>>> print(open('upload.pdb').read())   # PDB, C-alpha atoms
MODEL        1
ATOM      1  CA  PRO A  44     -85.848  52.669  13.864  1.00  0.00           C
ATOM      2  CA  PRO A  45     -87.604  55.144  11.552  1.00  0.00           C
ATOM      3  CA  PRO A  46     -91.369  54.880  11.279  1.00  0.00           C
ATOM      4  CA  PRO A  47     -92.683  52.844   8.351  1.00  0.00           C
ATOM      5  CA  PRO A  48     -93.748  54.816   5.283  1.00  0.00           C
ATOM      6  CA  PRO A  49     -97.419  55.739   5.136  1.00  0.00           C
ATOM      7  CA  PRO A  50     -99.525  53.156   3.324  1.00  0.00           C
ATOM      8  CA  VAL A  51    -100.111  53.894  -0.333  1.00  0.00           C
ATOM      9  CA  SER A  52    -103.760  54.602  -0.862  1.00  0.00           C
ATOM     10  CA  PRO A  53    -105.325  52.338  -3.456  1.00  0.00           C
ATOM     11  CA  LEU A  54    -106.434  53.900  -6.702  1.00  0.00           C
ATOM     12  CA  SER A  55    -110.061  54.851  -7.076  1.00  0.00           C
ATOM     13  CA  PRO A  56    -112.038  53.027  -9.780  1.00  0.00           C
ATOM     14  CA  SER A  57    -111.758  56.061 -12.083  1.00  0.00           C
ATOM     15  CA  GLU A  58    -107.980  56.228 -11.503  1.00  0.00           C
ATOM     16  CA  GLN A  59    -107.673  52.492 -12.222  1.00  0.00           C
ATOM     17  CA  LYS A  60    -109.595  52.971 -15.469  1.00  0.00           C
ATOM     18  CA  LEU A  61    -107.436  55.965 -16.428  1.00  0.00           C
ATOM     19  CA  LYS A  62    -104.275  54.012 -15.687  1.00  0.00           C
ATOM     20  CA  GLY A  63    -105.421  50.984 -17.682  1.00  0.00           C
ATOM     21  CA  GLU A  64    -106.390  53.070 -20.696  1.00  0.00           C
ATOM     22  CA  ALA A  65    -103.138  55.025 -20.505  1.00  0.00           C
ATOM     23  CA  TYR A  66    -101.149  51.774 -20.377  1.00  0.00           C
ATOM     24  CA  GLN A  67    -102.838  50.497 -23.553  1.00  0.00           C
ATOM     25  CA  ARG A  68    -102.210  53.808 -25.316  1.00  0.00           C
ATOM     26  CA  LEU A  69     -98.590  53.848 -24.114  1.00  0.00           C
ATOM     27  CA  GLN A  70     -97.986  50.343 -25.485  1.00  0.00           C
ATOM     28  CA  ASP A  71     -99.427  51.406 -28.836  1.00  0.00           C
ATOM     29  CA  LEU A  72     -97.298  54.564 -28.984  1.00  0.00           C
ATOM     30  CA  LEU A  73     -94.102  52.683 -28.092  1.00  0.00           C
ATOM     31  CA  LYS A  74     -94.843  50.014 -30.713  1.00  0.00           C
ATOM     32  CA  LYS A  75     -95.310  52.751 -33.329  1.00  0.00           C
ATOM     33  CA  ARG A  76     -92.100  54.449 -32.129  1.00  0.00           C
ATOM     34  CA  ARG A  77     -93.973  57.660 -31.280  1.00  0.00           C
ATOM     35  CA  PHE A  78     -91.734  58.355 -28.329  1.00  0.00           C
ATOM     36  CA  ALA A  79     -92.442  62.064 -27.829  1.00  0.00           C
ATOM     37  CA  ARG A  80     -96.174  61.308 -27.554  1.00  0.00           C
ATOM     38  CA  ALA A  81     -95.508  58.340 -25.268  1.00  0.00           C
ATOM     39  CA  ILE A  82     -93.441  60.541 -22.955  1.00  0.00           C
ATOM     40  CA  ALA A  83     -96.107  63.264 -22.904  1.00  0.00           C
ATOM     41  CA  LEU A  84     -98.759  60.658 -22.032  1.00  0.00           C
ATOM     42  CA  VAL A  85     -96.786  59.020 -19.241  1.00  0.00           C
ATOM     43  CA  GLU A  86     -95.585  62.340 -17.767  1.00  0.00           C
ATOM     44  CA  GLY A  87     -99.205  63.487 -17.555  1.00  0.00           C
ATOM     45  CA  LEU A  88    -100.167  60.224 -15.885  1.00  0.00           C
ATOM     46  CA  ALA A  89     -97.264  60.565 -13.418  1.00  0.00           C
ATOM     47  CA  LEU A  90     -98.551  64.008 -12.435  1.00  0.00           C
ATOM     48  CA  ARG A  91    -102.004  62.539 -11.854  1.00  0.00           C
ATOM     49  CA  LEU A  92    -100.759  59.445  -9.981  1.00  0.00           C
ATOM     50  CA  PRO A  93     -97.463  60.584  -8.407  1.00  0.00           C
ATOM     51  CA  GLN A  94     -97.272  57.735  -5.844  1.00  0.00           C
ATOM     52  CA  ASP A  95     -97.738  54.964  -8.418  1.00  0.00           C
ATOM     53  CA  ALA A  96     -94.474  53.032  -8.799  1.00  0.00           C
ATOM     54  CA  GLU A  97     -95.725  51.264 -11.911  1.00  0.00           C
ATOM     55  CA  VAL A  98     -96.355  54.582 -13.661  1.00  0.00           C
ATOM     56  CA  ARG A  99     -92.817  55.705 -12.764  1.00  0.00           C
ATOM     57  CA  GLN A 100     -91.520  52.473 -14.286  1.00  0.00           C
ATOM     58  CA  TRP A 101     -93.455  53.110 -17.513  1.00  0.00           C
ATOM     59  CA  GLN A 102     -92.093  56.638 -17.570  1.00  0.00           C
ATOM     60  CA  ALA A 103     -88.513  55.371 -17.279  1.00  0.00           C
ATOM     61  CA  ILE A 104     -89.113  52.840 -20.073  1.00  0.00           C
ATOM     62  CA  ALA A 105     -90.430  55.588 -22.359  1.00  0.00           C
ATOM     63  CA  TYR A 106     -87.375  57.761 -21.603  1.00  0.00           C
ATOM     64  CA  GLN A 107     -85.054  54.832 -22.253  1.00  0.00           C
ATOM     65  CA  ALA A 108     -86.735  53.976 -25.571  1.00  0.00           C
ATOM     66  CA  TRP A 109     -86.537  57.595 -26.757  1.00  0.00           C
ATOM     67  CA  GLY A 110     -82.902  57.862 -25.639  1.00  0.00           C
ATOM     68  CA  ARG A 111     -81.988  54.750 -27.623  1.00  0.00           C
ATOM     69  CA  GLN A 112     -83.827  56.035 -30.687  1.00  0.00           C
ATOM     70  CA  LEU A 113     -82.010  59.372 -30.519  1.00  0.00           C
ATOM     71  CA  ILE A 114     -78.669  57.564 -30.293  1.00  0.00           C
ATOM     72  CA  ARG A 115     -79.562  55.426 -33.329  1.00  0.00           C
ATOM     73  CA  GLN A 116     -80.445  58.620 -35.186  1.00  0.00           C
ATOM     74  CA  GLY A 117     -76.971  60.005 -34.547  1.00  0.00           C
ATOM     75  CA  GLN A 118     -77.905  62.263 -31.639  1.00  0.00           C
ATOM     76  CA  PRO A 119     -75.936  60.688 -28.776  1.00  0.00           C
ATOM     77  CA  ALA A 120     -75.867  63.838 -26.613  1.00  0.00           C
ATOM     78  CA  LYS A 121     -79.675  64.093 -26.639  1.00  0.00           C
ATOM     79  CA  GLY A 122     -79.996  60.351 -26.180  1.00  0.00           C
ATOM     80  CA  LYS A 123     -77.811  60.420 -23.067  1.00  0.00           C
ATOM     81  CA  ILE A 124     -80.087  63.064 -21.540  1.00  0.00           C
ATOM     82  CA  TYR A 125     -83.067  60.720 -21.806  1.00  0.00           C
ATOM     83  CA  LEU A 126     -81.129  57.693 -20.598  1.00  0.00           C
ATOM     84  CA  LYS A 127     -80.086  59.669 -17.501  1.00  0.00           C
ATOM     85  CA  LYS A 128     -83.689  60.804 -17.041  1.00  0.00           C
ATOM     86  CA  ALA A 129     -84.764  57.150 -17.103  1.00  0.00           C
ATOM     87  CA  LEU A 130     -82.239  56.337 -14.365  1.00  0.00           C
ATOM     88  CA  ARG A 131     -83.419  59.239 -12.199  1.00  0.00           C
ATOM     89  CA  THR A 132     -87.066  58.254 -12.664  1.00  0.00           C
ATOM     90  CA  ASP A 133     -86.664  54.581 -11.696  1.00  0.00           C
ATOM     91  CA  PRO A 134     -83.248  54.187 -10.002  1.00  0.00           C
ATOM     92  CA  HIS A 135     -84.135  50.936  -8.200  1.00  0.00           C
ATOM     93  CA  ASN A 136     -85.005  49.007 -11.352  1.00  0.00           C
ATOM     94  CA  ARG A 137     -81.958  46.740 -11.691  1.00  0.00           C
ATOM     95  CA  ALA A 138     -82.757  45.581 -15.229  1.00  0.00           C
ATOM     96  CA  LEU A 139     -83.168  49.164 -16.426  1.00  0.00           C
ATOM     97  CA  VAL A 140     -79.949  50.267 -14.727  1.00  0.00           C
ATOM     98  CA  ALA A 141     -78.034  47.366 -16.316  1.00  0.00           C
ATOM     99  CA  GLU A 142     -79.430  48.065 -19.801  1.00  0.00           C
ATOM    100  CA  ILE A 143     -78.590  51.750 -19.583  1.00  0.00           C
ATOM    101  CA  ALA A 144     -75.096  51.006 -18.266  1.00  0.00           C
ATOM    102  CA  GLU A 145     -74.592  48.778 -21.319  1.00  0.00           C
ATOM    103  CA  GLU A 146     -75.860  51.554 -23.596  1.00  0.00           C
ATOM    104  CA  PHE A 147     -73.345  53.974 -22.055  1.00  0.00           C
ATOM    105  CA  ARG A 148     -70.556  51.397 -22.510  1.00  0.00           C
ATOM    106  CA  ARG A 149     -71.452  51.082 -26.198  1.00  0.00           C
ATOM    107  CA  LEU A 150     -71.505  54.848 -26.561  1.00  0.00           C
ATOM    108  CA  GLY A 151     -68.069  55.042 -24.973  1.00  0.00           C
ATOM    109  CA  GLN A 152     -66.769  52.647 -27.614  1.00  0.00           C
ATOM    110  CA  LEU A 153     -68.370  54.633 -30.452  1.00  0.00           C
ATOM    111  CA  VAL A 154     -66.742  57.913 -29.478  1.00  0.00           C
TER     112      VAL A 154
ENDMDL
END
>>> encode(input="upload.pdb", output="structure tokens")
Amino acid sequence: PPPPPPPVSPLSPSEQKLKGEAYQRLQDLLKKRRFARAIALVEGLALRLPQDAEVRQWQAIAYQAWGRQLIRQGQPAKGKIYLKKALRTDPHNRALVAEIAEEFRRLGQLV
């Protein structure tokens, strides 16, 4: 059998603080529908904490939210790009995959 993956090193106190503050800011940005800013924030955090699965999940959620907004604004081609990006970012998140599949089904019916 293949060797187990290397253990993920825990975050340092400063990284934990950064992550916590970024999460609060991300929630605020998403609530205010400031998706471009939310994506910039979470992409920066993902560069800083590349092994953090939770950060990847937040990143996928931000992409999904922006994709949906673009579709609502009549920009389905751009929206699809972000929905696909969300799937690539967090492909093992079953709930996310199901929601995006439903979004694509709806889009198929709109065309």
>>> axis_aligned_box(input="upload.pdb", around="segment 83-95 of chain A", padding_each_side="4 Å", output="JSON")
{"center_x": -98.8, "center_y": 59.5, "center_z": -14.4, "size_x": 14.4, "size_y": 17.0, "size_z": 25.1}
>>> residues_near_point(input="upload.pdb", point="(-81.9, 58.1, -26.0)", cutoff="7 Å", atoms="only C-alpha atoms", output="list in words")
Gln107, Ala108, Trp109, Gly110, Arg111, Gln112, Leu113, Ile114, Lys121, Gly122, Lys123, Ile124, Tyr125 and Leu126 of chain A
>>> residues_around(input="upload.pdb", residues="segment 67-74 of chain A", least_positions_apart="4", cutoff="12 Å", atoms="only C-alpha atoms", output="ChimeraX atom specification")
/A:60-63,78-88,98,101-102,104-109,112
>>> residues_near_point(input="upload.pdb", point="(-93.4, 57.3, -10.5)", cutoff="12 Å", atoms="all atoms listed in the file", output="MDAnalysis selection string")
chainID A and resid 85:104 129:136
>>> closest_residue(input="upload.pdb", among="A:Leu139, A:Gly151, A:Arg77, A:Glu145", to="Ala120 of chain A", atoms="only C-alpha atoms")
A:Gly151
>>> atom_distance(input="upload.pdb", atom1="atom CA of Arg115 of chain A", atom2="atom CA of Arg149 of chain A")
11.6 Å
>>> atom_distance(input="upload.pdb", atom1="atom CA of Gln59 of chain A", atom2="atom CA of Val140 of chain A")
27.9 Å
>>> decode(input="upload.pdb", residues="segment 54-66 of chain A", atoms="all heavy atoms", output="CSV table (one decimal), in the first residue's frame")
chain,number,residue,atom,x,y,z
A,54,LEU,N,-1.4,25.0,12.5
A,54,LEU,CA,-1.1,26.4,12.2
A,54,LEU,C,-0.4,27.0,13.4
A,54,LEU,O,-0.8,26.7,14.6
A,54,LEU,CB,-2.4,27.1,11.9
A,54,LEU,CG,-3.2,26.7,10.7
A,54,LEU,CD1,-4.5,27.5,10.6
A,54,LEU,CD2,-2.4,26.8,9.4
A,55,SER,N,0.5,28.0,13.2
A,55,SER,CA,1.1,28.7,14.3
A,55,SER,C,0.0,29.7,14.9
A,55,SER,O,-1.0,29.9,14.2
A,55,SER,CB,2.2,29.5,13.7
A,55,SER,OG,1.8,30.6,12.9
A,56,PRO,N,0.2,30.2,16.1
A,56,PRO,CA,-0.7,31.1,16.6
A,56,PRO,C,-1.0,32.3,15.7
A,56,PRO,O,-2.2,32.7,15.6
A,56,PRO,CB,-0.1,31.5,18.0
A,56,PRO,CG,0.8,30.4,18.3
A,56,PRO,CD,1.3,29.8,17.0
A,57,SER,N,0.0,32.8,15.1
A,57,SER,CA,-0.2,34.0,14.2
A,57,SER,C,-1.0,33.6,12.9
A,57,SER,O,-1.9,34.3,12.5
A,57,SER,CB,1.1,34.6,13.8
A,57,SER,OG,1.9,33.8,13.0
A,58,GLU,N,-0.8,32.4,12.4
A,58,GLU,CA,-1.6,31.9,11.3
A,58,GLU,C,-3.1,31.6,11.7
A,58,GLU,O,-4.0,31.9,11.0
A,58,GLU,CB,-1.0,30.6,10.7
A,58,GLU,CG,0.3,30.8,10.0
A,58,GLU,CD,1.0,29.5,9.6
A,58,GLU,OE1,0.9,28.5,10.3
A,58,GLU,OE2,1.7,29.5,8.6
A,59,GLN,N,-3.3,31.1,12.9
A,59,GLN,CA,-4.6,30.9,13.4
A,59,GLN,C,-5.4,32.2,13.6
A,59,GLN,O,-6.5,32.3,13.2
A,59,GLN,CB,-4.6,30.2,14.8
A,59,GLN,CG,-4.2,28.7,14.7
A,59,GLN,CD,-4.0,28.1,16.1
A,59,GLN,OE1,-4.1,28.8,17.1
A,59,GLN,NE2,-3.7,26.8,16.1
A,60,LYS,N,-4.6,33.2,14.1
A,60,LYS,CA,-5.2,34.6,14.2
A,60,LYS,C,-5.6,35.1,12.8
A,60,LYS,O,-6.7,35.6,12.6
A,60,LYS,CB,-4.3,35.5,14.9
A,60,LYS,CG,-4.8,36.9,15.2
A,60,LYS,CD,-3.8,37.7,16.1
A,60,LYS,CE,-4.3,39.0,16.5
A,60,LYS,NZ,-4.3,40.0,15.5
A,61,LEU,N,-4.7,35.0,11.9
A,61,LEU,CA,-4.9,35.5,10.5
A,61,LEU,C,-6.1,34.8,9.9
A,61,LEU,O,-7.0,35.4,9.3
A,61,LEU,CB,-3.6,35.2,9.7
A,61,LEU,CG,-3.8,35.5,8.2
A,61,LEU,CD1,-3.8,37.0,7.9
A,61,LEU,CD2,-2.7,34.8,7.4
A,62,LYS,N,-6.2,33.5,10.1
A,62,LYS,CA,-7.3,32.7,9.5
A,62,LYS,C,-8.6,33.2,10.1
A,62,LYS,O,-9.6,33.3,9.4
A,62,LYS,CB,-7.0,31.2,9.7
A,62,LYS,CG,-8.1,30.3,9.1
A,62,LYS,CD,-7.7,28.9,9.4
A,62,LYS,CE,-8.9,28.0,9.0
A,62,LYS,NZ,-8.6,26.6,9.3
A,63,GLY,N,-8.6,33.3,11.4
A,63,GLY,CA,-9.9,33.7,12.1
A,63,GLY,C,-10.3,35.1,11.7
A,63,GLY,O,-11.5,35.3,11.4
A,64,GLU,N,-9.4,36.0,11.6
A,64,GLU,CA,-9.8,37.4,11.1
A,64,GLU,C,-10.2,37.4,9.7
A,64,GLU,O,-11.2,38.0,9.3
A,64,GLU,CB,-8.6,38.3,11.3
A,64,GLU,CG,-8.3,38.6,12.8
A,64,GLU,CD,-6.9,39.4,13.0
A,64,GLU,OE1,-6.2,39.6,12.0
A,64,GLU,OE2,-6.7,39.7,14.1
A,65,ALA,N,-9.6,36.6,8.9
A,65,ALA,CA,-10.0,36.5,7.5
A,65,ALA,C,-11.3,35.9,7.3
A,65,ALA,O,-12.2,36.3,6.5
A,65,ALA,CB,-8.9,35.7,6.7
A,66,TYR,N,-11.7,34.9,8.2
A,66,TYR,CA,-13.0,34.3,8.1
A,66,TYR,C,-14.1,35.3,8.5
A,66,TYR,O,-15.1,35.3,7.8
A,66,TYR,CB,-13.0,33.1,9.1
A,66,TYR,CG,-14.4,32.4,9.1
A,66,TYR,CD1,-14.8,31.6,8.0
A,66,TYR,CD2,-15.3,32.6,10.1
A,66,TYR,CE1,-16.0,31.0,8.0
A,66,TYR,CE2,-16.5,32.0,10.1
A,66,TYR,CZ,-16.9,31.2,9.1
A,66,TYR,OH,-18.1,30.6,9.0
